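**Student:** One file: entry_28.cif (mmCIF, C-alpha atoms and all ligand atoms).
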data_data
loop_
_atom_site.label_atom_id
_atom_site.label_comp_id
_atom_site.auth_asym_id
_atom_site.auth_seq_id
_atom_site.Cartn_x
_atom_site.Cartn_y
_atom_site.Cartn_z
CA MET Z 8 -24.02 -33.52 33.27
CA VAL Z 9 -23.62 -29.77 32.92
CA VAL Z 10 -21.52 -28.40 30.13
CA VAL Z 11 -20.25 -24.98 30.96
CA VAL Z 12 -19.41 -22.93 27.93
CA ILE Z 13 -17.05 -20.16 28.82
CA ALA Z 14 -17.34 -17.46 26.23
CA PRO Z 15 -14.03 -15.94 25.26
CA LYS Z 16 -13.76 -12.35 26.29
CA ASN Z 17 -13.14 -10.91 22.87
CA TYR Z 18 -14.92 -12.75 20.16
CA GLY Z 19 -16.37 -10.20 17.80
CA PRO Z 20 -18.08 -9.28 15.65
CA CYS Z 21 -16.89 -5.74 15.32
CA SER Z 22 -19.52 -3.24 16.42
CA VAL Z 23 -18.53 -0.66 13.83
CA GLN Z 24 -21.19 -0.49 11.13
CA ASN Z 25 -20.16 -2.16 7.88
CA CYS Z 26 -16.75 -3.06 9.23
CA ASN Z 27 -14.81 -4.85 6.55
CA LEU Z 28 -11.40 -4.74 8.11
CA PRO Z 29 -9.39 -7.90 8.59
CA ARG Z 30 -10.81 -9.30 11.77
CA ASP Z 31 -8.39 -11.55 13.51
CA ARG Z 32 -8.40 -10.01 16.96
CA TYR Z 33 -11.02 -8.23 19.00
CA HIS Z 34 -10.93 -5.78 21.83
CA GLN Z 35 -13.64 -4.75 24.19
CA PHE Z 36 -14.80 -1.16 24.14
CA THR Z 37 -14.33 -0.65 27.86
CA SER Z 38 -15.25 2.45 29.83
CA LEU Z 39 -11.57 3.35 29.81
CA ALA Z 40 -11.54 2.99 26.02
CA TYR Z 41 -14.70 5.09 25.85
CA ASN Z 42 -13.06 7.87 27.85
CA LYS Z 43 -9.99 7.79 25.63
CA ALA Z 44 -12.12 7.94 22.49
CA GLN Z 45 -13.98 10.90 23.92
CA LYS Z 46 -10.70 12.68 24.67
CA LYS Z 47 -9.22 11.91 21.25
CA GLY Z 48 -12.38 13.13 19.54
CA THR Z 49 -12.76 9.88 17.63
CA TYR Z 50 -15.94 8.85 19.46
CA LYS Z 51 -18.06 11.36 17.57
CA THR Z 52 -17.46 9.35 14.39
CA TYR Z 53 -18.97 6.27 16.05
CA PRO Z 54 -21.52 7.70 18.49
CA TYR Z 55 -23.54 4.49 18.42
CA LEU Z 56 -20.82 2.48 20.17
CA LYS Z 57 -21.65 1.34 23.66
CA ILE Z 58 -19.34 0.37 26.48
CA GLY Z 59 -18.84 -3.38 26.56
CA GLN Z 60 -19.19 -3.87 22.81
CA GLN Z 61 -16.60 -5.60 20.69
CA LEU Z 62 -14.33 -3.92 18.20
CA CYS Z 63 -11.95 -5.44 15.73
CA TYR Z 64 -8.38 -4.66 16.63
CA LEU Z 65 -7.92 -2.09 13.87
CA HIS Z 66 -11.10 -0.24 14.73
CA TYR Z 67 -10.15 -0.39 18.38
CA LEU Z 68 -6.79 1.18 17.60
CA ARG Z 69 -8.35 3.72 15.29
CA ILE Z 70 -10.92 4.80 17.85
CA VAL Z 71 -9.15 4.36 21.16
CA GLU Z 72 -5.47 4.75 20.26
CA PRO Z 73 -5.52 6.81 17.07
CA ASP Z 74 -1.91 7.85 17.59
CA ARG Z 75 -0.80 4.23 17.64
CA ALA Z 76 -3.06 3.04 14.82
CA PRO Z 77 -1.28 1.96 11.66
CA LYS Z 78 -2.02 4.47 8.97
CA ASN Z 79 -2.37 2.06 6.11
CA TYR Z 80 -4.11 -1.17 6.85
CA GLY Z 81 -6.46 -1.85 4.00
CA PRO Z 82 -8.67 -3.17 2.68
CA CYS Z 83 -8.52 -1.57 -0.73
CA SER Z 84 -11.48 0.72 -1.31
CA VAL Z 85 -11.67 -0.04 -5.01
CA GLN Z 86 -14.72 -2.18 -5.66
CA ASN Z 87 -13.93 -5.84 -6.33
CA CYS Z 88 -10.22 -5.21 -5.99
CA ASN Z 89 -8.40 -8.46 -6.50
CA LEU Z 90 -4.90 -7.12 -6.84
CA PRO Z 91 -2.14 -8.46 -4.63
CA ARG Z 92 -2.61 -6.56 -1.42
CA ASP Z 93 0.56 -6.38 0.53
CA ARG Z 94 0.86 -2.65 0.99
CA TYR Z 95 -1.67 0.10 1.38
CA HIS Z 96 -1.71 3.80 0.80
CA GLN Z 97 -4.16 6.33 2.03
CA PHE Z 98 -6.22 8.24 -0.51
CA THR Z 99 -5.29 11.63 0.90
CA SER Z 100 -6.65 14.97 -0.27
CA LEU Z 101 -3.37 15.43 -2.15
CA ALA Z 102 -3.88 12.07 -3.83
CA TYR Z 103 -7.47 13.08 -4.62
CA ASN Z 104 -6.30 16.26 -6.30
CA LYS Z 105 -3.73 14.36 -8.35
CA ALA Z 106 -6.33 11.82 -9.42
CA GLN Z 107 -8.65 14.64 -10.46
CA LYS Z 108 -5.88 16.24 -12.50
CA LYS Z 109 -4.86 12.98 -14.13
CA GLY Z 110 -8.46 12.18 -14.99
CA THR Z 111 -8.28 8.81 -13.28
CA TYR Z 112 -10.72 9.77 -10.55
CA LYS Z 113 -13.70 9.57 -12.87
CA THR Z 114 -13.15 5.81 -13.09
CA TYR Z 115 -13.49 5.53 -9.31
CA PRO Z 116 -15.90 8.35 -8.39
CA TYR Z 117 -16.99 6.57 -5.22
CA LEU Z 118 -13.57 6.92 -3.58
CA LYS Z 119 -13.47 9.19 -0.60
CA ILE Z 120 -10.54 11.04 0.90
CA GLY Z 121 -9.08 9.10 3.79
CA GLN Z 122 -9.91 5.69 2.34
CA GLN Z 123 -7.35 2.98 1.81
CA LEU Z 124 -6.06 1.78 -1.53
CA CYS Z 125 -3.83 -1.12 -2.30
CA TYR Z 126 -0.48 0.00 -3.60
CA LEU Z 127 -1.22 -0.96 -7.20
CA HIS Z 128 -4.54 0.83 -7.29
CA TYR Z 129 -2.93 3.80 -5.61
CA LEU Z 130 -0.28 3.96 -8.33
CA ARG Z 131 -2.87 3.44 -11.05
CA ILE Z 132 -5.12 6.20 -9.76
CA VAL Z 133 -2.76 8.72 -8.21
CA GLU Z 134 0.51 8.22 -10.08
CA PRO Z 135 -0.51 6.81 -13.47
CA ASP Z 136 2.57 8.30 -15.15
CA ARG Z 137 4.95 6.87 -12.60
CA GLY Z 138 3.40 3.44 -12.95
CA GLN Z 139 3.91 3.53 -16.71
CA LYS Z 140 7.40 4.95 -16.62
CA SER Z 141 8.70 2.34 -14.26
CA ARG Z 142 7.42 -0.28 -16.66
CA THR Z 143 8.71 1.18 -19.96
CA LEU Z 144 12.07 2.72 -19.19
CA LYS Z 145 13.98 1.31 -16.31
CA PRO Z 146 17.01 3.53 -16.03
CA LYS Z 147 20.09 1.69 -14.86
CA ASN Z 148 18.20 -0.99 -13.05
CA TYR Z 149 19.96 -3.90 -14.66
CA SER Z 150 21.26 -6.60 -12.42
CA PHE Z 151 24.91 -7.47 -12.43
CA VAL Z 152 24.15 -10.65 -14.35
CA GLU Z 153 22.18 -8.74 -17.00
CA GLN Z 154 25.03 -6.26 -17.38
CA ILE Z 155 27.57 -9.04 -17.74
CA ALA Z 156 25.35 -10.63 -20.39
CA MET Z 157 25.22 -7.34 -22.31
CA LEU Z 158 28.93 -6.81 -21.91
CA THR Z 159 29.70 -10.32 -23.10
CA LYS Z 160 27.54 -9.78 -26.17
CA VAL Z 161 29.31 -6.50 -26.97
CA LEU Z 162 32.72 -8.06 -26.49
CA TYR Z 163 31.74 -10.94 -28.73
CA VAL Z 164 30.56 -8.59 -31.49
CA GLN Z 165 33.58 -6.33 -31.07
CA ARG Z 166 36.07 -9.15 -30.57
CA GLY Z 167 38.13 -8.10 -33.61
CA ASN Z 168 38.93 -4.62 -32.35
CA ILE Z 169 38.98 -4.60 -28.55
CA GLU Z 170 40.25 -1.32 -27.15
CA LEU Z 171 42.97 -1.70 -24.54
CA ASP Z 172 42.81 1.89 -23.31
CA PRO Z 173 40.25 1.85 -20.45
CA LEU Z 174 38.60 5.11 -21.54
CA HIS Z 175 38.29 4.01 -25.15
CA PHE Z 176 37.19 0.59 -23.98
CA ARG Z 177 34.39 2.17 -21.98
CA GLN Z 178 33.36 4.37 -24.92
CA MET Z 179 33.31 1.38 -27.21
CA ILE Z 180 31.12 -0.60 -24.83
CA VAL Z 181 28.67 2.25 -24.27
CA LYS Z 182 28.48 2.96 -27.97
CA ALA Z 183 27.65 -0.65 -28.68
CA GLU Z 184 25.29 -1.03 -25.74
CA PRO Z 185 23.95 2.28 -24.35
CA ARG Z 186 22.21 0.47 -21.50
CA LEU Z 187 25.65 -0.15 -20.00
CA GLU Z 188 26.28 3.58 -19.61
ZN ZN G 1 -14.00 -3.20 12.72
ZN ZN G 2 -6.90 -2.38 -4.97
#
What is this structure when it is put down as structure tokens?
**Tutor:**
Amino acid sequence: MVVVVIAPKNYGPCSVQNCNLPRDRYHQFTSLAYNKAQKKGTYKTYPYLKIGQQLCYLHYLRIVEPDRAPKNYGPCSVQNCNLPRDRYHQFTSLAYNKAQKKGTYKTYPYLKIGQQLCYLHYLRIVEPDRGQKSRTLKPKNYSFVEQIAMLTKVLYVQRGNIELDPLHFRQMIVKAEPRLE
């Protein structure tokens, strides 16, 4: 009995050196793809690729269809990153300059412009002030329920002298609970 094993067409692994992209789909680097990559100027980054080799889908897009490639795809370039990785940002030259200014770059000196960072590392490295601010003072971001809770508390405390004039009522509330401003 002869068992015929039919190899799937696109099975990986990715032919890009040290590829660590999520590898769920593969594409073949066809001669058409090769021509496109030559035209787009992306081939010179991967001159070792040969027609007929396999590429992971993201590398395929990046090399053959750079205009269609998603800009931020991960993985995070921070070593041993174990932060929740749902969004990615590119470590652009602007981001690099900011990180240099903020002094956060010296913690991650191996990062290179153009690499991907998870959103939390991006914030931590590029926008350290913004990350802190959003945690300490949340201006007017209270939910309706939170506001009602504050209002109820104020009304309870002030129950003896409730203002009936709307303007005075508002002033009284804000004075007692500035977060309701
Ligand atoms: Zn790849
Ligand atoms: Zn990260």
**Student:** Output the neighbourhood of ligand ZN 2 (chain G) as a ChimeraX atom specification, that is, all protein and nucleic acid residues with some atom at most 12 Å from the ligand, counting all atoms listed in the file.
**Tutor:** /Z:81-98,115,118,122-132
**Student:** For ligand ZN 1 (chain G), return the neighbouring residues as a VMD selection string (distance at most 8 Å; only C-alpha atoms and all ligand atoms).
**Tutor:** chain Z and resid 20 to 30 62 to 67
**Student:** Distance CA of Val133 in chain Z-CA of Pro77 in chain Z, one decimal place?
**Tutor:**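 So the two atoms, CA of Val133 in chain Z and CA of Pro77 in chain Z, lie 21.0 Å apart.
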**Student:** Compile the contact shell of Ser150 in chain Z as number ranges by chain: residues with an atom at most 12 Å away, counting only C-alpha atoms, same-chain residues fewer than 5 positions apart removed.
**Tutor:** Z: 145, 155-157, 186-187
**Student:** Create the file for the chosen residues now, containing C-alpha atoms and written as a PDB file, keeping the file's coordinate frame.
**Tutor:**
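Written output follows (selection.pdb):
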ATOM      1  CA  LYS Z 145      13.980   1.310 -16.310  1.00  0.00           C
ATOM      2  CA  ILE Z 155      27.570  -9.040 -17.740  1.00  0.00           C
ATOM      3  CA  ALA Z 156      25.350 -10.630 -20.390  1.00  0.00           C
ATOM      4  CA  MET Z 157      25.220  -7.340 -22.310  1.00  0.00           C
ATOM      5  CA  ARG Z 186      22.210   0.470 -21.500  1.00  0.00           C
ATOM      6  CA  LEU Z 187      25.650  -0.150 -20.000  1.00  0.00           C
TER       7      LEU Z 187
END
**Student:** I'd like the interatomic distance between CA of Gly48 in chain Z and CA of Tyr117 in chain Z, to a tenth of an Å.
**Tutor:**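 Separation between CA of Gly48 in chain Z and CA of Tyr117 in chain Z: 26.0 Å.
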**Student:** For a cut-off of 12 Å around (-4.7, 13.6, -5.8), file coordinates, pick out all residues using all atoms listed in the file and list them as a list in words.
**Tutor:** Gln97, Phe98, Thr99, Ser100, Leu101, Ala102, Tyr103, Asn104, Lys105, Ala106, Gln107, Lys108, Lys109, Gly110, Thr111, Tyr112, Leu118, Lys119, Ile120, Gly121, Tyr129, Leu130, Arg131, Ile132, Val133, Glu134 and Pro135 of chain Z
**Student:** List every protein, DNA or RNA residue that has at least one atom no more than 12 Å from (-16.0, 7.4, 21.0) in the file's coordinates, counting all atoms listed in the file, and write the result as a PyMOL selection string.
**Tutor:** chain Z and resi 23+36-58+60+62+66-73
**Student:** Tell me, in Å to one decimal, how far CA of Ala183 in chain Z is from CA of Leu158 in chain Z.
**Tutor:**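 We find that CA of Ala183 in chain Z and CA of Leu158 in chain Z lie 9.2 Å from each other.
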**Student:** Starting from the incomplete input, reconstruct N, CA and C atoms of range 66-95 of chain Z and report them as a PDB file, in the frame of the given file.
**Tutor:**
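rebuild_18.pdb, freshly written:
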ATOM      1  N   HIS Z  66     -10.165  -1.291  14.340  1.00  0.00           N
ATOM      2  CA  HIS Z  66     -11.100  -0.240  14.730  1.00  0.00           C
ATOM      3  C   HIS Z  66     -10.828   0.221  16.166  1.00  0.00           C
ATOM      4  N   TYR Z  67     -10.478  -0.741  16.998  1.00  0.00           N
ATOM      5  CA  TYR Z  67     -10.150  -0.390  18.380  1.00  0.00           C
ATOM      6  C   TYR Z  67      -9.004   0.616  18.399  1.00  0.00           C
ATOM      7  N   LEU Z  68      -7.944   0.284  17.664  1.00  0.00           N
ATOM      8  CA  LEU Z  68      -6.790   1.180  17.600  1.00  0.00           C
ATOM      9  C   LEU Z  68      -7.204   2.540  17.052  1.00  0.00           C
ATOM     10  N   ARG Z  69      -7.989   2.490  15.978  1.00  0.00           N
ATOM     11  CA  ARG Z  69      -8.350   3.720  15.290  1.00  0.00           C
ATOM     12  C   ARG Z  69      -9.159   4.634  16.204  1.00  0.00           C
ATOM     13  N   ILE Z  70     -10.007   4.024  17.021  1.00  0.00           N
ATOM     14  CA  ILE Z  70     -10.920   4.800  17.850  1.00  0.00           C
ATOM     15  C   ILE Z  70     -10.300   5.153  19.186  1.00  0.00           C
ATOM     16  N   VAL Z  71      -9.616   4.176  19.789  1.00  0.00           N
ATOM     17  CA  VAL Z  71      -9.150   4.360  21.160  1.00  0.00           C
ATOM     18  C   VAL Z  71      -7.704   4.853  21.212  1.00  0.00           C
ATOM     19  N   GLU Z  72      -6.889   4.373  20.269  1.00  0.00           N
ATOM     20  CA  GLU Z  72      -5.470   4.750  20.260  1.00  0.00           C
ATOM     21  C   GLU Z  72      -5.090   5.291  18.888  1.00  0.00           C
ATOM     22  N   PRO Z  73      -5.748   6.357  18.452  1.00  0.00           N
ATOM     23  CA  PRO Z  73      -5.520   6.810  17.070  1.00  0.00           C
ATOM     24  C   PRO Z  73      -4.061   7.150  16.780  1.00  0.00           C
ATOM     25  N   ASP Z  74      -3.316   7.527  17.818  1.00  0.00           N
ATOM     26  CA  ASP Z  74      -1.910   7.850  17.590  1.00  0.00           C
ATOM     27  C   ASP Z  74      -1.101   6.604  17.280  1.00  0.00           C
ATOM     28  N   ARG Z  75      -1.538   5.475  17.840  1.00  0.00           N
ATOM     29  CA  ARG Z  75      -0.800   4.230  17.640  1.00  0.00           C
ATOM     30  C   ARG Z  75      -1.290   3.439  16.436  1.00  0.00           C
ATOM     31  N   ALA Z  76      -2.453   3.826  15.898  1.00  0.00           N
ATOM     32  CA  ALA Z  76      -3.060   3.040  14.820  1.00  0.00           C
ATOM     33  C   ALA Z  76      -2.188   3.075  13.572  1.00  0.00           C
ATOM     34  N   PRO Z  77      -2.033   1.930  12.916  1.00  0.00           N
ATOM     35  CA  PRO Z  77      -1.280   1.960  11.660  1.00  0.00           C
ATOM     36  C   PRO Z  77      -2.062   2.779  10.656  1.00  0.00           C
ATOM     37  N   LYS Z  78      -1.345   3.556   9.889  1.00  0.00           N
ATOM     38  CA  LYS Z  78      -2.020   4.470   8.970  1.00  0.00           C
ATOM     39  C   LYS Z  78      -2.623   3.728   7.792  1.00  0.00           C
ATOM     40  N   ASN Z  79      -1.918   2.729   7.320  1.00  0.00           N
ATOM     41  CA  ASN Z  79      -2.370   2.060   6.110  1.00  0.00           C
ATOM     42  C   ASN Z  79      -2.540   0.568   6.374  1.00  0.00           C
ATOM     43  N   TYR Z  80      -3.791   0.174   6.393  1.00  0.00           N
ATOM     44  CA  TYR Z  80      -4.110  -1.170   6.850  1.00  0.00           C
ATOM     45  C   TYR Z  80      -5.050  -1.894   5.904  1.00  0.00           C
ATOM     46  N   GLY Z  81      -5.515  -1.210   4.889  1.00  0.00           N
ATOM     47  CA  GLY Z  81      -6.460  -1.850   4.000  1.00  0.00           C
ATOM     48  C   GLY Z  81      -7.821  -1.950   4.632  1.00  0.00           C
ATOM     49  N   PRO Z  82      -8.805  -2.592   4.015  1.00  0.00           N
ATOM     50  CA  PRO Z  82      -8.670  -3.170   2.680  1.00  0.00           C
ATOM     51  C   PRO Z  82      -8.724  -2.084   1.610  1.00  0.00           C
ATOM     52  N   CYS Z  83      -8.484  -2.502   0.385  1.00  0.00           N
ATOM     53  CA  CYS Z  83      -8.520  -1.570  -0.730  1.00  0.00           C
ATOM     54  C   CYS Z  83      -9.956  -1.110  -0.941  1.00  0.00           C
ATOM     55  N   SER Z  84     -10.135   0.183  -1.155  1.00  0.00           N
ATOM     56  CA  SER Z  84     -11.480   0.720  -1.310  1.00  0.00           C
ATOM     57  C   SER Z  84     -12.009   0.616  -2.738  1.00  0.00           C
ATOM     58  N   VAL Z  85     -11.192   0.143  -3.649  1.00  0.00           N
ATOM     59  CA  VAL Z  85     -11.670  -0.040  -5.010  1.00  0.00           C
ATOM     60  C   VAL Z  85     -12.583  -1.266  -5.036  1.00  0.00           C
ATOM     61  N   GLN Z  86     -13.753  -1.096  -5.652  1.00  0.00           N
ATOM     62  CA  GLN Z  86     -14.720  -2.180  -5.660  1.00  0.00           C
ATOM     63  C   GLN Z  86     -14.154  -3.403  -6.374  1.00  0.00           C
ATOM     64  N   ASN Z  87     -14.369  -4.568  -5.762  1.00  0.00           N
ATOM     65  CA  ASN Z  87     -13.930  -5.840  -6.330  1.00  0.00           C
ATOM     66  C   ASN Z  87     -12.426  -5.888  -6.591  1.00  0.00           C
ATOM     67  N   CYS Z  88     -11.674  -5.180  -5.807  1.00  0.00           N
ATOM     68  CA  CYS Z  88     -10.220  -5.210  -5.990  1.00  0.00           C
ATOM     69  C   CYS Z  88      -9.722  -6.631  -5.762  1.00  0.00           C
ATOM     70  N   ASN Z  89      -8.992  -7.142  -6.709  1.00  0.00           N
ATOM     71  CA  ASN Z  89      -8.400  -8.460  -6.500  1.00  0.00           C
ATOM     72  C   ASN Z  89      -6.908  -8.433  -6.815  1.00  0.00           C
ATOM     73  N   LEU Z  90      -6.334  -7.261  -6.627  1.00  0.00           N
ATOM     74  CA  LEU Z  90      -4.900  -7.120  -6.840  1.00  0.00           C
ATOM     75  C   LEU Z  90      -4.160  -7.645  -5.612  1.00  0.00           C
ATOM     76  N   PRO Z  91      -2.910  -8.025  -5.804  1.00  0.00           N
ATOM     77  CA  PRO Z  91      -2.140  -8.460  -4.630  1.00  0.00           C
ATOM     78  C   PRO Z  91      -2.118  -7.323  -3.612  1.00  0.00           C
ATOM     79  N   ARG Z  92      -2.466  -7.631  -2.404  1.00  0.00           N
ATOM     80  CA  ARG Z  92      -2.610  -6.560  -1.420  1.00  0.00           C
ATOM     81  C   ARG Z  92      -1.622  -6.734  -0.302  1.00  0.00           C
ATOM     82  N   ASP Z  93      -0.435  -6.265  -0.533  1.00  0.00           N
ATOM     83  CA  ASP Z  93       0.560  -6.380   0.530  1.00  0.00           C
ATOM     84  C   ASP Z  93       0.827  -5.036   1.185  1.00  0.00           C
ATOM     85  N   ARG Z  94       0.617  -3.972   0.426  1.00  0.00           N
ATOM     86  CA  ARG Z  94       0.860  -2.650   0.990  1.00  0.00           C
ATOM     87  C   ARG Z  94      -0.355  -1.779   0.728  1.00  0.00           C
ATOM     88  N   TYR Z  95      -0.554  -0.808   1.564  1.00  0.00           N
ATOM     89  CA  TYR Z  95      -1.670   0.100   1.380  1.00  0.00           C
ATOM     90  C   TYR Z  95      -1.220   1.539   1.452  1.00  0.00           C
TER      91      TYR Z  95
END
